[in-house]
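J.: First the structure, which I've put down as structure tokens, then a few questions once you've had a look.
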Amino acid sequence: MDFVNVKINDKTYVYKKGTTIEEVSRQFSINYKYPILISYVDNRLVELNKVLEKDCSLSFIDCSSRTGSRIYVKGLIFLLMCAIKELYGYNYSFKVCHSIDKGVRIRCLFDLTEEKLEEIKNKMIELVNLNLPIKKCIVKRKEAINYFKQTTNTSVANNYYYTTSNYVTLYKLNNMYGYFYSQMPINTRVFKSFTLKYLGNNEFVLQYPTLNGEIPSYVEHKKITEAFNKNYKSAKKLNIFTSSDINRIIAEGKINDIITLNEVIANNELLDLARQIAEQSSRVKVVLIAGPSSSGKTTTSRKLSMFLNTFGLNPKPISLDDYFLPREETPKLPNGDYDFESIRAIDIDKFNEDLIKLLNGVKVNIPTFNFITGKREYKKNYLQLSEDDIIIIEGLHALNDELTKEIDDSLKFKIYISPLTQLNIDNHNRVHTSDTRRLRRIVRDNKYRGYNASDTLKSWGNILDGEEKYVFPYQDKADVIINSALIYELGVLKTYAEPLLFSVHEDDEVYPEAIRLINFLRNFLPIPSDDIPKESLLREFIGGSIFN
């Protein structure tokens, strides 16, 4: 009988050839706090029902990792689809909208009551307790199109018109098929922890455990929700809701019209914001712009300054980066790396001292931070405010009150910015805001900083951790939330990011994430960047901006 050598946690084990990964996982499940969802085999994500056929390295993933959490949520959405179908039939559908307070906002395309939502939840629990298998299936593309048309899931069927593959991958749960562009758990029994929170207006939040295993209490973030709703209205104006909608427009040669309309909408929103600030210019002296990485803070601050000029104001930009502490004083992470994401990396006292002087009409020599030497330099960059001058500050910590602790709140106007896209791949596969930002950063890091895709992907975990600590907790403090998502941008980013992702070697630790993003981008046709305006926020990442 043939055997295979399997390396797990630096120790080699011997198993019979043909043993499933699930069978192996039972031996190690005691080492995991939560059910094992999936595995890495030789640095590739592999579902647990696969069999061992050759010597390999093997590791397991539960929902306490970002990869595991993402797969867990995909499975929960499939479970939700199946529960609704069994209760009410295929004509009862829903749309997965976006992340919201450690959950996913769901909009039902049917009348939803609290009683009906409880019924759905109980059906989901029933399906979990039945320990039903989730099977991967390879089917003919035309058969998949016919199935999804017959089950009224046309958003998936339409996507298949823009692929040349003869076969597509689907998942099957209790005689229902679903499309998901990433791997899935192999059984419903792992979905022990979730809840459904009724919101009204045929909407609810699907909540799931965070990385610490707990489901947090739901907290409504009205301004974020309003920003998403506003973007939905813009999408409605353009009649673009899914990747197949944008692909159809590209195929018809009409994408330049959408680019123009989308940019006009974005510019009008910034113009309205500039008008709002100008109307309060008698009190507002400091405009603070914060947002997570690659949200477009730099271009937004430049464009907002330009629009403020049209109302007679004279914006003066100050960069938080120039107030970094000397390198040797920068706080460190537990692994010894410098924690540049921390607010403690900023010389807060010096920053406040200079702001107070400026607001009192004193001339100040603004520093420039030298990232090579790790020290601040003073190059006679003097700044003094006149009556119509207004300070613009953009940076990760701009909405943290500690950053401007010596400045009266009445003098501040606070802006939060993020690409809060409402574009979906289909009704059940959303576009993650973090994926849009990640692709933007991969392209920008390569173009302007000389980093490859692997470098950016390896740093992304620390970036997300920093945002959880220093950005997201302060978003509700904003006076206004700007949505920087452009509905056409993923087709453009694809042309730049895809080759960079393909350069990640299969032995690289971030190779599985590169493959996931490649599979994600396959849902979008490429869009050339020739006709994107030079003042577009997207130019901050792909190059050619008039603001660089």
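Residues in the structure tokens are named by chain (A, B, ... in the order shown) and by number from 1 within that chain; ligands are numbered from 1 in the order shown.
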Give me, as CSV, the closest atom pair and its distance (Å, one decimal) for every residue of segment 425-457 of chain A within a cut-off of 8 Å of segment 240-257 of chain A, counting only C-alpha atoms, rows sorted by chain and rising number.
T.:
residue,atom,partner,partner_atom,distance
A:Ile425,CA,A:Ser243,CA,4.8
A:Asp426,CA,A:Thr242,CA,5.4
A:Asn427,CA,A:Thr242,CA,7.7
J.: Can you list, as a short mmCIF file (atom, residue, chain, number, x, y, z; two decimals) with all heavy atoms, in the first residue's frame, every protein, DNA or RNA residue that comes within 12 Å of Asp339 of chain A when you count only C-alpha atoms, leaving out same-chain residues fewer than 2 positions away?
T.:
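Generated file (result.cif):
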data_model
loop_
_atom_site.label_atom_id
_atom_site.label_comp_id
_atom_site.auth_asym_id
_atom_site.auth_seq_id
_atom_site.Cartn_x
_atom_site.Cartn_y
_atom_site.Cartn_z
N PHE A 324 6.39 63.22 11.82
CA PHE A 324 6.82 61.94 12.40
C PHE A 324 7.91 62.20 13.43
O PHE A 324 8.75 63.09 13.27
CB PHE A 324 7.38 61.01 11.32
CG PHE A 324 6.33 60.13 10.68
CD1 PHE A 324 6.21 60.07 9.30
CD2 PHE A 324 5.49 59.34 11.46
CE1 PHE A 324 5.28 59.26 8.70
CE2 PHE A 324 4.55 58.52 10.87
CZ PHE A 324 4.43 58.47 9.49
N LEU A 325 7.93 61.39 14.47
CA LEU A 325 9.03 61.42 15.44
C LEU A 325 10.31 60.94 14.76
O LEU A 325 10.25 60.20 13.77
CB LEU A 325 8.71 60.51 16.63
CG LEU A 325 7.66 61.01 17.62
CD1 LEU A 325 7.25 59.87 18.54
CD2 LEU A 325 8.19 62.19 18.43
N ARG A 327 13.26 58.58 13.87
CA ARG A 327 13.12 57.13 13.73
C ARG A 327 13.40 56.38 15.02
O ARG A 327 12.66 55.45 15.38
CB ARG A 327 14.08 56.66 12.62
CG ARG A 327 13.94 55.23 12.19
CD ARG A 327 12.68 54.96 11.39
NE ARG A 327 12.35 55.97 10.42
CZ ARG A 327 12.87 56.07 9.19
NH1 ARG A 327 13.80 55.21 8.81
NH2 ARG A 327 12.46 57.01 8.36
N GLU A 328 14.41 56.80 15.76
CA GLU A 328 14.79 56.07 16.97
C GLU A 328 13.74 56.21 18.08
O GLU A 328 13.72 55.43 19.04
CB GLU A 328 16.16 56.52 17.49
CG GLU A 328 16.24 57.97 17.95
CD GLU A 328 16.57 58.94 16.82
OE1 GLU A 328 16.52 58.50 15.64
OE2 GLU A 328 16.87 60.11 17.11
N GLU A 329 12.85 57.21 17.96
CA GLU A 329 11.80 57.41 18.97
C GLU A 329 10.46 56.80 18.55
O GLU A 329 9.48 56.86 19.30
CB GLU A 329 11.62 58.91 19.24
CG GLU A 329 12.85 59.59 19.81
CD GLU A 329 12.64 61.08 20.02
OE1 GLU A 329 11.48 61.49 20.29
OE2 GLU A 329 13.61 61.85 19.88
N THR A 330 10.42 56.23 17.37
CA THR A 330 9.18 55.65 16.86
C THR A 330 8.83 54.38 17.63
O THR A 330 9.69 53.55 17.89
CB THR A 330 9.34 55.31 15.36
OG1 THR A 330 9.69 56.50 14.65
CG2 THR A 330 8.05 54.73 14.79
N PRO A 331 7.55 54.23 18.03
CA PRO A 331 7.16 53.01 18.75
C PRO A 331 7.32 51.78 17.87
O PRO A 331 7.34 51.87 16.64
CB PRO A 331 5.69 53.25 19.10
CG PRO A 331 5.22 54.27 18.12
CD PRO A 331 6.41 55.14 17.83
N LYS A 332 7.44 50.62 18.52
CA LYS A 332 7.66 49.38 17.78
C LYS A 332 6.53 48.38 18.03
O LYS A 332 5.88 48.39 19.08
CB LYS A 332 9.00 48.77 18.16
CG LYS A 332 10.20 49.57 17.68
CD LYS A 332 11.51 48.85 17.97
CE LYS A 332 12.71 49.64 17.43
NZ LYS A 332 13.98 48.92 17.68
N LEU A 333 6.35 47.51 17.05
CA LEU A 333 5.41 46.41 17.16
C LEU A 333 6.05 45.29 17.98
O LEU A 333 7.27 45.29 18.20
CB LEU A 333 5.04 45.90 15.77
CG LEU A 333 4.27 46.88 14.88
CD1 LEU A 333 4.30 46.41 13.42
CD2 LEU A 333 2.83 47.01 15.36
N PRO A 334 5.25 44.31 18.44
CA PRO A 334 5.82 43.20 19.22
C PRO A 334 6.94 42.45 18.50
O PRO A 334 7.84 41.91 19.15
CB PRO A 334 4.60 42.29 19.44
CG PRO A 334 3.43 43.22 19.42
CD PRO A 334 3.78 44.27 18.40
N ASN A 335 6.89 42.45 17.15
CA ASN A 335 7.95 41.73 16.40
C ASN A 335 9.20 42.57 16.19
O ASN A 335 10.15 42.11 15.54
CB ASN A 335 7.42 41.25 15.06
CG ASN A 335 7.03 42.39 14.12
OD1 ASN A 335 7.21 43.57 14.45
ND2 ASN A 335 6.49 42.05 12.97
N GLY A 336 9.20 43.80 16.72
CA GLY A 336 10.39 44.64 16.62
C GLY A 336 10.36 45.64 15.48
O GLY A 336 11.21 46.54 15.42
N ASP A 337 9.40 45.52 14.55
CA ASP A 337 9.28 46.47 13.45
C ASP A 337 8.74 47.80 13.97
O ASP A 337 7.99 47.85 14.96
CB ASP A 337 8.34 45.94 12.36
CG ASP A 337 8.90 44.73 11.64
OD1 ASP A 337 10.12 44.51 11.72
OD2 ASP A 337 8.11 44.01 11.01
N GLU A 341 2.04 53.10 11.82
CA GLU A 341 0.60 53.31 11.78
C GLU A 341 0.09 53.95 13.07
O GLU A 341 -1.01 54.51 13.10
CB GLU A 341 -0.13 51.97 11.57
CG GLU A 341 0.39 51.11 10.43
CD GLU A 341 0.18 51.75 9.07
OE1 GLU A 341 -0.86 52.37 8.86
OE2 GLU A 341 1.09 51.63 8.22
N SER A 342 0.86 53.87 14.14
CA SER A 342 0.41 54.36 15.44
C SER A 342 0.41 55.87 15.50
O SER A 342 1.29 56.54 14.94
CB SER A 342 1.33 53.81 16.54
OG SER A 342 1.05 54.43 17.78
N ILE A 343 -0.56 56.42 16.22
CA ILE A 343 -0.58 57.87 16.43
C ILE A 343 0.63 58.29 17.26
O ILE A 343 1.06 59.46 17.21
CB ILE A 343 -1.90 58.31 17.10
CG1 ILE A 343 -2.03 59.84 17.03
CG2 ILE A 343 -1.99 57.80 18.53
CD1 ILE A 343 -3.37 60.37 17.47
N ARG A 344 1.20 57.35 18.01
CA ARG A 344 2.39 57.65 18.80
C ARG A 344 3.63 57.85 17.94
O ARG A 344 4.69 58.25 18.44
CB ARG A 344 2.66 56.53 19.81
CG ARG A 344 1.52 56.26 20.76
CD ARG A 344 1.25 57.45 21.64
NE ARG A 344 -0.01 57.32 22.35
CZ ARG A 344 -0.69 58.33 22.87
NH1 ARG A 344 -0.21 59.56 22.75
NH2 ARG A 344 -1.83 58.14 23.49
N ALA A 345 3.52 57.56 16.65
CA ALA A 345 4.63 57.82 15.74
C ALA A 345 4.67 59.29 15.33
O ALA A 345 5.63 59.74 14.70
CB ALA A 345 4.51 56.94 14.49
N ILE A 346 3.62 60.05 15.70
CA ILE A 346 3.54 61.48 15.39
C ILE A 346 3.96 62.30 16.61
O ILE A 346 3.62 61.96 17.75
CB ILE A 346 2.09 61.87 14.99
CG1 ILE A 346 1.60 61.02 13.82
CG2 ILE A 346 1.99 63.35 14.69
CD1 ILE A 346 2.28 61.30 12.52
N SER A 459 2.59 43.38 3.75
CA SER A 459 2.40 44.47 4.71
C SER A 459 0.93 44.74 5.01
O SER A 459 0.62 45.47 5.95
CB SER A 459 3.04 45.76 4.16
OG SER A 459 2.32 46.23 3.02
N ASN A 462 -0.59 44.24 8.65
CA ASN A 462 -0.26 45.31 9.60
C ASN A 462 -1.05 46.58 9.31
O ASN A 462 -1.45 47.30 10.23
CB ASN A 462 1.23 45.62 9.55
CG ASN A 462 2.07 44.55 10.23
OD1 ASN A 462 1.58 43.77 11.04
ND2 ASN A 462 3.36 44.49 9.88
N ILE A 463 -1.27 46.84 8.03
CA ILE A 463 -2.06 48.02 7.64
C ILE A 463 -3.48 47.91 8.17
O ILE A 463 -4.02 48.84 8.77
CB ILE A 463 -2.06 48.19 6.11
CG1 ILE A 463 -0.66 48.59 5.61
CG2 ILE A 463 -3.08 49.23 5.67
CD1 ILE A 463 -0.49 48.52 4.12
N ASP A 465 -4.53 46.03 10.66
CA ASP A 465 -4.50 46.11 12.13
C ASP A 465 -4.44 47.56 12.59
O ASP A 465 -5.13 47.95 13.54
CB ASP A 465 -3.30 45.34 12.68
CG ASP A 465 -3.45 43.83 12.53
OD1 ASP A 465 -4.58 43.36 12.33
OD2 ASP A 465 -2.41 43.13 12.59
N GLY A 466 -3.61 48.36 11.90
CA GLY A 466 -3.49 49.77 12.25
C GLY A 466 -4.79 50.52 12.03
O GLY A 466 -5.19 51.37 12.84
N LYS A 469 -7.29 49.93 14.75
CA LYS A 469 -6.98 50.65 15.99
C LYS A 469 -7.13 52.16 15.85
O LYS A 469 -7.63 52.84 16.76
CB LYS A 469 -5.53 50.36 16.41
CG LYS A 469 -5.26 48.94 16.83
CD LYS A 469 -3.77 48.80 17.17
CE LYS A 469 -3.38 47.37 17.47
NZ LYS A 469 -1.91 47.24 17.69
N TYR A 470 -6.69 52.70 14.70
CA TYR A 470 -6.46 54.14 14.62
C TYR A 470 -7.35 54.89 13.62
O TYR A 470 -7.33 56.12 13.60
CB TYR A 470 -5.00 54.41 14.27
CG TYR A 470 -4.02 53.75 15.19
CD1 TYR A 470 -3.11 52.79 14.72
CD2 TYR A 470 -4.00 54.06 16.55
CE1 TYR A 470 -2.21 52.17 15.58
CE2 TYR A 470 -3.10 53.45 17.41
CZ TYR A 470 -2.21 52.51 16.92
OH TYR A 470 -1.32 51.90 17.78
#
J.: At a cut-off of 6 Å, using only C-alpha atoms, what residues contact segment 471-487 of chain A? Leave out same-chain residues fewer than 2 positions from it and give the result as a VMD selection string.
T.: chain A and resid 399 414 to 421 467 to 468 489
J.: I'd like to know which of A:Cys137, A:Leu358, A:Ile277, A:Ile289 is closest to Leu173 of chain A, using only C-alpha atoms.
T.: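 Between A:Cys137, A:Leu358, A:Ile277, A:Ile289, the residue approaching Leu173 of chain A most closely is A:Cys137.
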J.: May I ask for the distance between atom CA of Glu22 of chain A and atom CA of Leu58 of chain A, given in Å to one decimal place?
T.: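 Value for the atom CA of Glu22 of chain A-atom CA of Leu58 of chain A distance: 11.5 Å.
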J.: I need the residues of segment 293-404 of chain A that end up classed as strand (DSSP E or B) by DSSP on the backbone, written out as a ChimeraX atom specification.
T.: /A:314-319,324,332,338,346,364-365,368-370,375-377,382-383,389-394
J.: Which residues come within 9 Å of segment 23-32 of chain A, counting only C-alpha atoms, excluding same-chain residues fewer than 2 positions away, as a tab-separated table (two decimals) with N, CA and C atoms, in the first residue's frame?
T.:
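Saved file part.tsv follows:
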chain	number	residue	atom	x	y	z
A	15	TYR	N	0.72	9.01	6.14
A	15	TYR	CA	-0.68	8.63	5.95
A	15	TYR	C	-0.81	7.76	4.71
A	19	THR	N	-6.05	9.25	1.79
A	19	THR	CA	-6.65	9.82	3.00
A	19	THR	C	-7.11	11.24	2.72
A	20	THR	N	-8.32	11.60	3.18
A	20	THR	CA	-8.78	12.97	2.95
A	20	THR	C	-8.13	13.92	3.95
A	21	ILE	N	-8.04	15.18	3.55
A	21	ILE	CA	-7.48	16.20	4.45
A	21	ILE	C	-8.37	16.36	5.67
A	34	TYR	N	-11.65	26.99	17.10
A	34	TYR	CA	-12.85	26.96	16.28
A	34	TYR	C	-12.73	25.85	15.24
A	35	PRO	N	-13.84	25.45	14.62
A	35	PRO	CA	-13.79	24.37	13.62
A	35	PRO	C	-12.84	24.71	12.47
A	36	ILE	N	-12.08	23.71	12.05
A	36	ILE	CA	-11.20	23.89	10.90
A	36	ILE	C	-12.05	24.02	9.64
A	39	SER	N	-7.70	24.21	4.28
A	39	SER	CA	-6.29	23.92	4.52
A	39	SER	C	-5.40	24.58	3.47
A	48	LEU	N	-11.20	20.61	2.36
A	48	LEU	CA	-10.88	19.48	3.23
A	48	LEU	C	-11.27	18.13	2.65
A	49	ASN	N	-12.14	18.10	1.64
A	49	ASN	CA	-12.53	16.80	1.08
A	49	ASN	C	-11.57	16.28	0.02
A	59	SER	N	-1.24	22.71	6.40
A	59	SER	CA	-1.63	23.50	7.57
A	59	SER	C	-3.12	23.77	7.48
A	60	PHE	N	-3.70	24.15	8.61
A	60	PHE	CA	-5.16	24.28	8.69
A	60	PHE	C	-5.56	25.71	9.05
A	61	ILE	N	-6.78	26.06	8.67
A	61	ILE	CA	-7.29	27.42	8.89
A	61	ILE	C	-8.66	27.35	9.54
A	62	ASP	N	-8.85	28.14	10.60
A	62	ASP	CA	-10.19	28.32	11.16
A	62	ASP	C	-10.60	29.78	11.01
J.: Give the alpha helix (DSSP H) residues of segment 139-350 of chain A, as assigned by DSSP on the backbone, as a short mmCIF file (atom, residue, chain, number, x, y, z; two decimals) with N, CA and C atoms, in the first residue's frame.
T.:
data_model
loop_
_atom_site.label_atom_id
_atom_site.label_comp_id
_atom_site.auth_asym_id
_atom_site.auth_seq_id
_atom_site.Cartn_x
_atom_site.Cartn_y
_atom_site.Cartn_z
N ARG A 141 -20.41 25.70 -18.95
CA ARG A 141 -20.83 27.10 -18.79
C ARG A 141 -22.27 27.30 -19.25
N LYS A 142 -22.65 26.72 -20.38
CA LYS A 142 -24.02 26.91 -20.89
C LYS A 142 -25.05 26.31 -19.94
N GLU A 143 -24.70 25.18 -19.32
CA GLU A 143 -25.61 24.58 -18.36
C GLU A 143 -25.77 25.48 -17.14
N ALA A 144 -24.67 26.12 -16.71
CA ALA A 144 -24.73 27.03 -15.57
C ALA A 144 -25.61 28.24 -15.89
N ILE A 145 -25.45 28.78 -17.11
CA ILE A 145 -26.28 29.92 -17.52
C ILE A 145 -27.75 29.54 -17.48
N ASN A 146 -28.09 28.39 -18.03
CA ASN A 146 -29.50 27.95 -18.05
C ASN A 146 -30.03 27.75 -16.63
N TYR A 147 -29.20 27.17 -15.75
CA TYR A 147 -29.66 26.93 -14.37
C TYR A 147 -29.96 28.25 -13.68
N PHE A 148 -29.05 29.21 -13.76
CA PHE A 148 -29.24 30.46 -13.04
C PHE A 148 -30.37 31.30 -13.63
N LYS A 149 -30.60 31.17 -14.92
CA LYS A 149 -31.76 31.85 -15.52
C LYS A 149 -33.06 31.25 -14.99
N GLN A 150 -33.11 29.93 -14.92
CA GLN A 150 -34.32 29.25 -14.47
C GLN A 150 -34.61 29.53 -13.00
N THR A 154 -30.31 35.89 -12.38
CA THR A 154 -29.75 36.35 -13.66
C THR A 154 -28.45 37.10 -13.49
N SER A 155 -28.17 37.63 -12.29
CA SER A 155 -26.93 38.38 -12.09
C SER A 155 -25.72 37.47 -12.26
N VAL A 156 -25.85 36.18 -11.89
CA VAL A 156 -24.77 35.22 -12.10
C VAL A 156 -24.72 34.79 -13.56
N ALA A 157 -25.90 34.48 -14.12
CA ALA A 157 -25.97 34.04 -15.52
C ALA A 157 -25.33 35.06 -16.45
N ASN A 158 -25.57 36.34 -16.19
CA ASN A 158 -25.04 37.39 -17.07
C ASN A 158 -23.52 37.45 -17.03
N ASN A 159 -22.93 37.12 -15.87
CA ASN A 159 -21.47 37.14 -15.76
C ASN A 159 -20.80 36.14 -16.69
N LYS A 222 -24.77 55.60 11.16
CA LYS A 222 -25.71 56.23 10.23
C LYS A 222 -25.02 56.92 9.07
N LYS A 223 -23.92 57.59 9.33
CA LYS A 223 -23.26 58.35 8.26
C LYS A 223 -22.66 57.42 7.21
N ILE A 224 -22.08 56.29 7.66
CA ILE A 224 -21.54 55.32 6.71
C ILE A 224 -22.67 54.74 5.87
N THR A 225 -23.77 54.39 6.53
CA THR A 225 -24.92 53.85 5.80
C THR A 225 -25.45 54.85 4.79
N GLU A 226 -25.52 56.11 5.19
CA GLU A 226 -25.99 57.15 4.27
C GLU A 226 -25.06 57.30 3.07
N ALA A 227 -23.75 57.16 3.32
CA ALA A 227 -22.79 57.26 2.22
C ALA A 227 -22.97 56.10 1.23
N PHE A 228 -23.18 54.90 1.76
CA PHE A 228 -23.44 53.76 0.89
C PHE A 228 -24.73 53.96 0.10
N ASN A 229 -25.77 54.45 0.78
CA ASN A 229 -27.05 54.67 0.11
C ASN A 229 -26.93 55.71 -0.99
N LYS A 230 -26.12 56.73 -0.73
CA LYS A 230 -25.89 57.77 -1.74
C LYS A 230 -25.19 57.19 -2.96
N ASN A 231 -24.24 56.32 -2.71
CA ASN A 231 -23.53 55.68 -3.81
C ASN A 231 -24.45 54.76 -4.60
N TYR A 232 -25.38 54.11 -3.89
CA TYR A 232 -26.36 53.25 -4.56
C TYR A 232 -27.22 54.08 -5.52
N LYS A 233 -27.57 55.28 -5.09
CA LYS A 233 -28.37 56.15 -5.96
C LYS A 233 -27.57 56.55 -7.21
N SER A 234 -26.26 56.78 -7.02
CA SER A 234 -25.41 57.10 -8.17
C SER A 234 -25.34 55.92 -9.13
N ALA A 235 -25.21 54.71 -8.55
CA ALA A 235 -25.19 53.51 -9.39
C ALA A 235 -26.50 53.36 -10.15
N LYS A 236 -27.59 53.74 -9.49
CA LYS A 236 -28.90 53.65 -10.13
C LYS A 236 -29.00 54.62 -11.30
N LYS A 237 -28.41 55.80 -11.15
CA LYS A 237 -28.39 56.77 -12.24
C LYS A 237 -27.65 56.21 -13.45
N LEU A 238 -26.55 55.50 -13.17
CA LEU A 238 -25.73 54.93 -14.23
C LEU A 238 -26.25 53.57 -14.69
N SER A 243 -20.81 43.43 -11.95
CA SER A 243 -19.70 43.40 -12.90
C SER A 243 -20.20 43.15 -14.32
N SER A 244 -21.27 42.37 -14.48
CA SER A 244 -21.79 42.12 -15.83
C SER A 244 -22.36 43.39 -16.45
N ASP A 245 -22.89 44.30 -15.62
CA ASP A 245 -23.39 45.59 -16.14
C ASP A 245 -22.26 46.41 -16.73
N ILE A 246 -21.14 46.49 -15.98
CA ILE A 246 -20.01 47.28 -16.47
C ILE A 246 -19.35 46.57 -17.64
N ASN A 247 -19.29 45.22 -17.62
CA ASN A 247 -18.72 44.47 -18.73
C ASN A 247 -19.52 44.67 -20.02
N ARG A 248 -20.82 44.71 -19.89
CA ARG A 248 -21.68 44.93 -21.07
C ARG A 248 -21.37 46.29 -21.71
N ILE A 249 -21.20 47.30 -20.87
CA ILE A 249 -20.92 48.64 -21.39
C ILE A 249 -19.55 48.68 -22.06
N ILE A 250 -18.58 47.97 -21.48
CA ILE A 250 -17.25 47.89 -22.11
C ILE A 250 -17.36 47.21 -23.46
N ALA A 251 -18.09 46.09 -23.50
CA ALA A 251 -18.23 45.32 -24.74
C ALA A 251 -18.93 46.12 -25.83
N ILE A 255 -17.79 52.69 -22.61
CA ILE A 255 -17.26 52.90 -21.27
C ILE A 255 -16.80 54.34 -21.06
N ASN A 256 -16.37 55.03 -22.11
CA ASN A 256 -15.91 56.41 -21.93
C ASN A 256 -17.04 57.32 -21.45
N ASP A 257 -18.27 57.03 -21.86
CA ASP A 257 -19.41 57.81 -21.36
C ASP A 257 -19.59 57.62 -19.86
N ILE A 258 -19.41 56.38 -19.40
CA ILE A 258 -19.55 56.09 -17.96
C ILE A 258 -18.43 56.74 -17.16
N ILE A 259 -17.22 56.71 -17.70
CA ILE A 259 -16.09 57.37 -17.04
C ILE A 259 -16.40 58.85 -16.85
N THR A 260 -16.86 59.48 -17.92
CA THR A 260 -17.17 60.91 -17.86
C THR A 260 -18.26 61.20 -16.84
N LEU A 261 -19.35 60.44 -16.88
CA LEU A 261 -20.46 60.66 -15.95
C LEU A 261 -20.04 60.42 -14.51
N ASN A 262 -19.28 59.35 -14.28
CA ASN A 262 -18.83 59.02 -12.94
C ASN A 262 -17.93 60.12 -12.37
N GLU A 263 -17.04 60.65 -13.20
CA GLU A 263 -16.15 61.72 -12.74
C GLU A 263 -16.91 63.01 -12.46
N VAL A 264 -17.93 63.29 -13.27
CA VAL A 264 -18.76 64.49 -13.05
C VAL A 264 -19.49 64.37 -11.71
N ILE A 265 -20.05 63.19 -11.44
CA ILE A 265 -20.74 62.96 -10.17
C ILE A 265 -19.78 63.17 -8.99
N ALA A 266 -18.57 62.60 -9.10
CA ALA A 266 -17.58 62.73 -8.02
C ALA A 266 -17.17 64.18 -7.82
N ASN A 267 -16.95 64.91 -8.91
CA ASN A 267 -16.55 66.32 -8.80
C ASN A 267 -17.67 67.18 -8.22
N ASN A 268 -18.90 66.88 -8.60
CA ASN A 268 -20.02 67.66 -8.07
C ASN A 268 -20.17 67.47 -6.56
N GLU A 269 -19.90 66.25 -6.08
CA GLU A 269 -19.99 66.00 -4.64
C GLU A 269 -18.91 66.77 -3.89
N LEU A 270 -17.71 66.84 -4.47
CA LEU A 270 -16.65 67.62 -3.83
C LEU A 270 -16.93 69.11 -3.88
N LEU A 271 -17.52 69.55 -4.98
CA LEU A 271 -17.88 70.97 -5.10
C LEU A 271 -18.93 71.34 -4.06
N ASP A 272 -19.91 70.46 -3.86
CA ASP A 272 -20.93 70.71 -2.84
C ASP A 272 -20.29 70.75 -1.45
N LEU A 273 -19.31 69.89 -1.21
CA LEU A 273 -18.62 69.88 0.07
C LEU A 273 -17.84 71.18 0.27
N ALA A 274 -17.18 71.65 -0.77
CA ALA A 274 -16.44 72.92 -0.69
C ALA A 274 -17.39 74.07 -0.38
N ARG A 275 -18.56 74.03 -0.99
CA ARG A 275 -19.56 75.06 -0.73
C ARG A 275 -20.00 75.02 0.73
N GLN A 276 -20.20 73.82 1.25
CA GLN A 276 -20.61 73.65 2.64
C GLN A 276 -19.56 74.21 3.60
N ILE A 277 -18.28 73.95 3.32
CA ILE A 277 -17.20 74.48 4.16
C ILE A 277 -17.14 76.00 4.05
N ALA A 278 -17.27 76.51 2.82
CA ALA A 278 -17.19 77.96 2.61
C ALA A 278 -18.29 78.69 3.37
N GLU A 279 -19.46 78.08 3.43
CA GLU A 279 -20.58 78.70 4.15
C GLU A 279 -20.31 78.79 5.65
N LYS A 297 -6.95 60.04 -0.09
CA LYS A 297 -6.91 61.25 0.73
C LYS A 297 -6.14 62.38 0.06
N THR A 298 -5.01 62.04 -0.58
CA THR A 298 -4.15 63.08 -1.16
C THR A 298 -4.86 63.82 -2.29
N THR A 299 -5.38 63.08 -3.26
CA THR A 299 -6.06 63.73 -4.38
C THR A 299 -7.29 64.49 -3.90
N THR A 300 -8.03 63.90 -2.96
CA THR A 300 -9.23 64.56 -2.46
C THR A 300 -8.88 65.88 -1.80
N SER A 301 -7.80 65.92 -1.01
CA SER A 301 -7.41 67.17 -0.37
C SER A 301 -7.00 68.21 -1.39
N ARG A 302 -6.31 67.78 -2.46
CA ARG A 302 -5.88 68.72 -3.50
C ARG A 302 -7.09 69.26 -4.28
N LYS A 303 -8.01 68.36 -4.65
CA LYS A 303 -9.18 68.80 -5.40
C LYS A 303 -10.10 69.66 -4.55
N LEU A 304 -10.24 69.29 -3.28
CA LEU A 304 -11.07 70.11 -2.38
C LEU A 304 -10.47 71.50 -2.24
N SER A 305 -9.14 71.57 -2.14
CA SER A 305 -8.47 72.88 -2.06
C SER A 305 -8.77 73.71 -3.30
N MET A 306 -8.74 73.07 -4.47
CA MET A 306 -9.01 73.77 -5.72
C MET A 306 -10.43 74.32 -5.73
N PHE A 307 -11.39 73.50 -5.26
CA PHE A 307 -12.78 73.96 -5.24
C PHE A 307 -12.99 75.05 -4.19
N LEU A 308 -12.27 74.96 -3.06
CA LEU A 308 -12.37 76.00 -2.04
C LEU A 308 -11.87 77.34 -2.58
N ASN A 309 -10.87 77.28 -3.47
CA ASN A 309 -10.37 78.51 -4.11
C ASN A 309 -11.47 79.24 -4.84
N ILE A 348 2.91 64.70 18.50
CA ILE A 348 1.62 65.38 18.70
C ILE A 348 1.80 66.75 19.34
N ASP A 349 2.69 66.82 20.31
CA ASP A 349 2.88 68.10 21.02
C ASP A 349 3.40 69.17 20.06
N LYS A 350 4.40 68.83 19.25
CA LYS A 350 4.95 69.80 18.30
C LYS A 350 3.91 70.19 17.26
#
